[in-house]
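For reference, upload.cif (mmCIF, N, CA and C atoms):
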data_entry
#
loop_
_atom_site.label_atom_id
_atom_site.label_comp_id
_atom_site.auth_asym_id
_atom_site.auth_seq_id
_atom_site.Cartn_x
_atom_site.Cartn_y
_atom_site.Cartn_z
N MET A 1 101.94 122.10 101.29
CA MET A 1 102.11 120.78 101.87
C MET A 1 102.52 119.82 100.77
N SER A 2 103.58 119.12 100.97
CA SER A 2 104.04 118.16 99.97
C SER A 2 103.42 116.79 100.23
N ARG A 3 103.43 115.98 99.21
CA ARG A 3 102.88 114.62 99.34
C ARG A 3 103.81 113.76 100.17
N GLN A 4 103.21 112.79 100.88
CA GLN A 4 104.00 111.88 101.70
C GLN A 4 104.79 110.93 100.81
N ILE A 5 105.91 110.48 101.35
CA ILE A 5 106.69 109.44 100.68
C ILE A 5 106.07 108.10 101.04
N LEU A 6 105.86 107.27 100.03
CA LEU A 6 105.24 105.96 100.21
C LEU A 6 106.28 104.86 100.14
N GLU A 7 106.23 103.94 101.08
CA GLU A 7 107.07 102.74 101.07
C GLU A 7 106.24 101.67 100.37
N VAL A 8 106.71 101.19 99.21
CA VAL A 8 105.93 100.26 98.39
C VAL A 8 106.66 98.92 98.29
N THR A 9 105.92 97.83 98.52
CA THR A 9 106.46 96.48 98.39
C THR A 9 105.59 95.72 97.40
N LEU A 10 106.22 95.12 96.39
CA LEU A 10 105.51 94.31 95.40
C LEU A 10 105.79 92.84 95.68
N ARG A 11 104.75 92.05 95.75
CA ARG A 11 104.87 90.60 95.92
C ARG A 11 104.40 89.95 94.64
N LEU A 12 105.34 89.33 93.91
CA LEU A 12 105.03 88.70 92.63
C LEU A 12 104.54 87.27 92.83
N LYS A 13 103.90 86.73 91.80
CA LYS A 13 103.34 85.37 91.87
C LYS A 13 104.41 84.32 92.12
N ASP A 14 105.62 84.55 91.60
CA ASP A 14 106.68 83.55 91.75
C ASP A 14 107.41 83.64 93.10
N GLY A 15 106.93 84.50 94.00
CA GLY A 15 107.52 84.62 95.33
C GLY A 15 108.54 85.73 95.48
N LYS A 16 108.94 86.38 94.40
CA LYS A 16 109.89 87.48 94.50
C LYS A 16 109.24 88.67 95.19
N VAL A 17 110.06 89.41 95.93
CA VAL A 17 109.59 90.61 96.61
C VAL A 17 110.49 91.77 96.18
N LEU A 18 109.87 92.83 95.69
CA LEU A 18 110.59 94.03 95.26
C LEU A 18 110.07 95.20 96.08
N SER A 19 110.93 96.14 96.43
CA SER A 19 110.45 97.28 97.21
C SER A 19 111.15 98.56 96.78
N GLY A 20 110.53 99.67 97.13
CA GLY A 20 111.07 100.98 96.80
C GLY A 20 110.23 102.07 97.44
N ARG A 21 110.60 103.32 97.13
CA ARG A 21 109.92 104.48 97.71
C ARG A 21 109.61 105.49 96.62
N GLY A 22 108.53 106.22 96.83
CA GLY A 22 108.16 107.27 95.90
C GLY A 22 106.95 108.02 96.38
N ARG A 23 106.58 109.08 95.67
CA ARG A 23 105.42 109.90 96.05
C ARG A 23 104.19 109.58 95.21
N ASN A 24 104.38 109.13 93.99
CA ASN A 24 103.28 108.81 93.08
C ASN A 24 103.15 107.30 93.01
N LEU A 25 102.04 106.75 93.51
CA LEU A 25 101.93 105.30 93.65
C LEU A 25 102.02 104.54 92.33
N PRO A 26 101.22 104.85 91.30
CA PRO A 26 101.34 104.08 90.05
C PRO A 26 102.74 104.18 89.41
N ALA A 27 103.32 105.37 89.41
CA ALA A 27 104.66 105.53 88.83
C ALA A 27 105.71 104.77 89.63
N THR A 28 105.56 104.74 90.94
CA THR A 28 106.50 104.01 91.79
C THR A 28 106.39 102.51 91.55
N ILE A 29 105.18 101.99 91.40
CA ILE A 29 104.99 100.57 91.12
C ILE A 29 105.67 100.19 89.81
N GLU A 30 105.46 101.01 88.76
CA GLU A 30 106.09 100.73 87.46
C GLU A 30 107.60 100.76 87.57
N LYS A 31 108.15 101.75 88.26
CA LYS A 31 109.61 101.87 88.39
C LYS A 31 110.20 100.68 89.14
N ILE A 32 109.58 100.29 90.26
CA ILE A 32 110.09 99.16 91.04
C ILE A 32 110.07 97.89 90.19
N TYR A 33 108.98 97.63 89.51
CA TYR A 33 108.83 96.41 88.71
C TYR A 33 109.81 96.39 87.54
N ASN A 34 109.86 97.45 86.77
CA ASN A 34 110.71 97.49 85.58
C ASN A 34 112.20 97.49 85.94
N ASP A 35 112.58 98.25 86.96
CA ASP A 35 114.00 98.29 87.36
C ASP A 35 114.43 97.00 88.05
N GLY A 36 113.53 96.41 88.83
CA GLY A 36 113.86 95.20 89.57
C GLY A 36 113.98 93.97 88.69
N LEU A 37 113.16 93.89 87.66
CA LEU A 37 113.17 92.70 86.79
C LEU A 37 113.87 92.93 85.46
N LYS A 38 114.23 94.16 85.17
CA LYS A 38 114.93 94.52 83.91
C LYS A 38 114.16 94.00 82.69
N VAL A 39 112.83 94.21 82.69
CA VAL A 39 111.99 93.71 81.60
C VAL A 39 112.07 94.64 80.39
N THR A 40 112.00 94.03 79.21
CA THR A 40 111.96 94.78 77.95
C THR A 40 110.91 94.14 77.08
N PRO A 41 109.97 94.83 76.52
CA PRO A 41 109.68 96.24 76.74
C PRO A 41 109.10 96.47 78.13
N ARG A 42 109.12 97.75 78.53
CA ARG A 42 108.67 98.11 79.87
C ARG A 42 107.19 97.80 80.07
N LYS A 43 106.81 97.52 81.31
CA LYS A 43 105.43 97.21 81.67
C LYS A 43 104.77 98.44 82.28
N TYR A 44 103.46 98.53 82.12
CA TYR A 44 102.68 99.64 82.64
C TYR A 44 101.62 99.10 83.59
N VAL A 45 101.32 99.87 84.63
CA VAL A 45 100.44 99.39 85.70
C VAL A 45 98.98 99.76 85.46
N THR A 46 98.10 98.85 85.88
CA THR A 46 96.67 99.11 85.99
C THR A 46 96.27 98.68 87.39
N MET A 47 95.73 99.60 88.16
CA MET A 47 95.28 99.26 89.51
C MET A 47 93.97 98.50 89.39
N LEU A 48 93.84 97.39 90.09
CA LEU A 48 92.64 96.56 90.01
C LEU A 48 91.61 96.91 91.08
N GLU A 49 91.97 97.80 92.00
CA GLU A 49 91.06 98.22 93.06
C GLU A 49 91.08 99.74 93.16
N ASP A 50 89.99 100.29 93.62
CA ASP A 50 89.91 101.74 93.81
C ASP A 50 90.55 102.12 95.14
N PHE A 51 91.11 103.32 95.19
CA PHE A 51 91.65 103.84 96.44
C PHE A 51 90.49 104.38 97.28
N LYS A 52 90.76 104.61 98.55
CA LYS A 52 89.78 105.29 99.39
C LYS A 52 89.57 106.69 98.80
N SER A 53 88.44 107.29 99.08
CA SER A 53 88.13 108.59 98.47
C SER A 53 88.95 109.73 99.04
N GLY A 54 89.62 109.54 100.12
CA GLY A 54 90.43 110.60 100.72
C GLY A 54 90.73 110.24 102.16
N TYR A 55 90.93 111.24 102.98
CA TYR A 55 91.19 111.02 104.39
C TYR A 55 89.86 110.78 105.09
N LEU A 56 89.61 109.55 105.50
CA LEU A 56 88.35 109.22 106.14
C LEU A 56 88.36 109.63 107.61
N LYS A 57 89.49 109.48 108.26
CA LYS A 57 89.66 109.88 109.65
C LYS A 57 90.99 110.61 109.74
N LYS A 58 91.16 111.37 110.78
CA LYS A 58 92.42 112.08 110.96
C LYS A 58 93.57 111.08 111.02
N GLY A 59 94.59 111.30 110.23
CA GLY A 59 95.76 110.42 110.23
C GLY A 59 95.65 109.23 109.30
N GLU A 60 94.50 109.04 108.64
CA GLU A 60 94.33 107.90 107.74
C GLU A 60 94.75 108.30 106.33
N ASN A 61 95.54 107.47 105.69
CA ASN A 61 96.06 107.78 104.36
C ASN A 61 95.33 106.94 103.33
N ARG A 62 94.91 107.56 102.24
CA ARG A 62 94.12 106.85 101.23
C ARG A 62 94.93 105.78 100.50
N TYR A 63 96.25 105.87 100.51
CA TYR A 63 97.07 104.89 99.79
C TYR A 63 97.56 103.75 100.67
N GLU A 64 97.49 103.89 101.97
CA GLU A 64 98.00 102.83 102.84
C GLU A 64 97.12 101.59 102.75
N GLY A 65 97.78 100.44 102.76
CA GLY A 65 97.05 99.18 102.74
C GLY A 65 97.60 98.25 101.68
N THR A 66 96.81 97.23 101.36
CA THR A 66 97.19 96.23 100.38
C THR A 66 96.27 96.35 99.17
N PHE A 67 96.86 96.40 97.99
CA PHE A 67 96.13 96.54 96.74
C PHE A 67 96.59 95.45 95.77
N HIS A 68 95.85 95.29 94.69
CA HIS A 68 96.24 94.39 93.62
C HIS A 68 96.42 95.22 92.36
N ALA A 69 97.43 94.90 91.58
CA ALA A 69 97.71 95.63 90.35
C ALA A 69 98.09 94.63 89.25
N ARG A 70 97.93 95.06 88.02
CA ARG A 70 98.32 94.25 86.86
C ARG A 70 99.32 95.05 86.05
N LEU A 71 100.46 94.43 85.74
CA LEU A 71 101.47 95.06 84.92
C LEU A 71 101.53 94.35 83.58
N ALA A 72 101.44 95.12 82.50
CA ALA A 72 101.43 94.54 81.15
C ALA A 72 101.98 95.56 80.17
N GLU A 73 102.29 95.09 78.97
CA GLU A 73 102.73 95.98 77.91
C GLU A 73 101.53 96.77 77.39
N ARG A 74 101.79 97.90 76.78
CA ARG A 74 100.72 98.68 76.16
C ARG A 74 100.03 97.83 75.10
N GLY A 75 98.70 97.84 75.08
CA GLY A 75 97.95 97.11 74.08
C GLY A 75 97.84 95.62 74.32
N ALA A 76 98.29 95.15 75.48
CA ALA A 76 98.22 93.71 75.79
C ALA A 76 96.79 93.31 76.13
N ASP A 77 96.53 92.01 76.11
CA ASP A 77 95.23 91.46 76.46
C ASP A 77 94.91 91.82 77.92
N PRO A 78 93.83 92.58 78.18
CA PRO A 78 93.53 93.01 79.55
C PRO A 78 93.10 91.88 80.49
N THR A 79 92.79 90.72 79.95
CA THR A 79 92.36 89.61 80.81
C THR A 79 93.51 88.69 81.22
N ASN A 80 94.70 88.93 80.68
CA ASN A 80 95.87 88.11 81.01
C ASN A 80 96.34 88.44 82.43
N THR A 81 96.38 87.45 83.31
CA THR A 81 96.72 87.69 84.71
C THR A 81 98.18 87.37 85.04
N ASP A 82 99.03 87.18 84.04
CA ASP A 82 100.44 86.84 84.30
C ASP A 82 101.17 87.92 85.09
N GLY A 83 100.83 89.18 84.86
CA GLY A 83 101.54 90.28 85.51
C GLY A 83 100.89 90.79 86.78
N ASP A 84 100.01 90.01 87.39
CA ASP A 84 99.33 90.45 88.61
C ASP A 84 100.30 90.42 89.79
N VAL A 85 100.25 91.48 90.60
CA VAL A 85 101.10 91.58 91.79
C VAL A 85 100.25 92.08 92.96
N VAL A 86 100.72 91.79 94.16
CA VAL A 86 100.13 92.33 95.37
C VAL A 86 101.01 93.50 95.80
N VAL A 87 100.39 94.65 96.05
CA VAL A 87 101.11 95.87 96.39
C VAL A 87 100.79 96.23 97.84
N GLU A 88 101.82 96.32 98.66
CA GLU A 88 101.65 96.75 100.05
C GLU A 88 102.25 98.15 100.19
N VAL A 89 101.45 99.06 100.73
CA VAL A 89 101.86 100.46 100.80
C VAL A 89 101.79 100.96 102.25
N LYS A 90 102.85 101.64 102.67
CA LYS A 90 102.89 102.31 103.96
C LYS A 90 103.38 103.73 103.73
N ALA A 91 102.76 104.69 104.38
CA ALA A 91 103.18 106.08 104.27
C ALA A 91 104.18 106.37 105.37
N GLU A 92 105.25 107.09 105.00
CA GLU A 92 106.23 107.50 106.02
C GLU A 92 105.60 108.54 106.91
N LYS A 93 105.91 108.47 108.16
CA LYS A 93 105.36 109.43 109.13
C LYS A 93 106.21 110.66 109.21
#
Would you write the structure of this file as structure tokens?
Amino acid sequence: MSRQILEVTLRLKDGKVLSGRGRNLPATIEKIYNDGLKVTPRKYVTMLEDFKSGYLKKGENRYEGTFHARLAERGADPTNTDGDVVVEVKAEK
């Protein structure tokens, strides 16, 4: 069984909306953000909330929903909230 494809939408603080698709949620968030904003050096994601532990009910996906993430350079101040984004995830059926 292969992993589902996730539809990911990033809502930035300045009102920009970026979207994309992928199977690995953290890697997809990084790719959408870095490719969409053409930032140098590249930013890396830290999820600010835990995912569900798995499938709680039949048909429920642990990644679906709204999450918060922080994107920053390696070694950056972990309390800096400039790179905070809202992540909306839907699994393809």
- [ ] Using all atoms listed in the file, determine which residues lie at most 8 Å from A:Thr46, disregarding the query and same-chain residues fewer than 2 positions distant; provide the list as JSON, numbers by chain.
- [x] {"A": [26, 43, 44, 48, 49, 68, 69, 70, 71, 72]}
- [ ] Pull out every residue that the PyMOL selection byres ((chain A and resi 6) around 6) matches in the shown coordinates and put them as a PyMOL selection string.
- [x] chain A and resi 4-5+7-8+20-23+90-92
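Interatomic distance, atom CA of A:Arg74 against atom CA of A:Arg42: 8.8 Å.
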A:Thr9 environment, 6 Å, all atoms listed in the file, sequence neighbours closer than 3 positions dropped, as a PDB file with N, CA and C atoms, in the frame of the given file:
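Result saved to result-v6.pdb:
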ATOM      1  N   LEU A  18     109.870  92.830  95.690  1.00  0.00           N
ATOM      2  CA  LEU A  18     110.590  94.030  95.260  1.00  0.00           C
ATOM      3  C   LEU A  18     110.070  95.200  96.080  1.00  0.00           C
ATOM      4  N   SER A  19     110.930  96.140  96.430  1.00  0.00           N
ATOM      5  CA  SER A  19     110.450  97.280  97.210  1.00  0.00           C
ATOM      6  C   SER A  19     111.150  98.560  96.780  1.00  0.00           C
ATOM      7  N   GLY A  20     110.530  99.670  97.130  1.00  0.00           N
ATOM      8  CA  GLY A  20     111.070 100.980  96.800  1.00  0.00           C
ATOM      9  C   GLY A  20     110.230 102.070  97.440  1.00  0.00           C
ATOM     10  N   VAL A  86     100.720  91.790  94.160  1.00  0.00           N
ATOM     11  CA  VAL A  86     100.130  92.330  95.370  1.00  0.00           C
ATOM     12  C   VAL A  86     101.010  93.500  95.800  1.00  0.00           C
ATOM     13  N   VAL A  87     100.390  94.650  96.050  1.00  0.00           N
ATOM     14  CA  VAL A  87     101.110  95.870  96.390  1.00  0.00           C
ATOM     15  C   VAL A  87     100.790  96.230  97.840  1.00  0.00           C
ATOM     16  N   GLU A  88     101.820  96.320  98.660  1.00  0.00           N
ATOM     17  CA  GLU A  88     101.650  96.750 100.050  1.00  0.00           C
ATOM     18  C   GLU A  88     102.250  98.150 100.190  1.00  0.00           C
ATOM     19  N   VAL A  89     101.450  99.060 100.730  1.00  0.00           N
ATOM     20  CA  VAL A  89     101.860 100.460 100.800  1.00  0.00           C
ATOM     21  C   VAL A  89     101.790 100.960 102.250  1.00  0.00           C
TER      22      VAL A  89
END
Task: Atom-to-atom span, atom C of A:Glu30 and atom CA of A:Asp82, Å - done: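 Those two atoms sit 16.0 Å apart.
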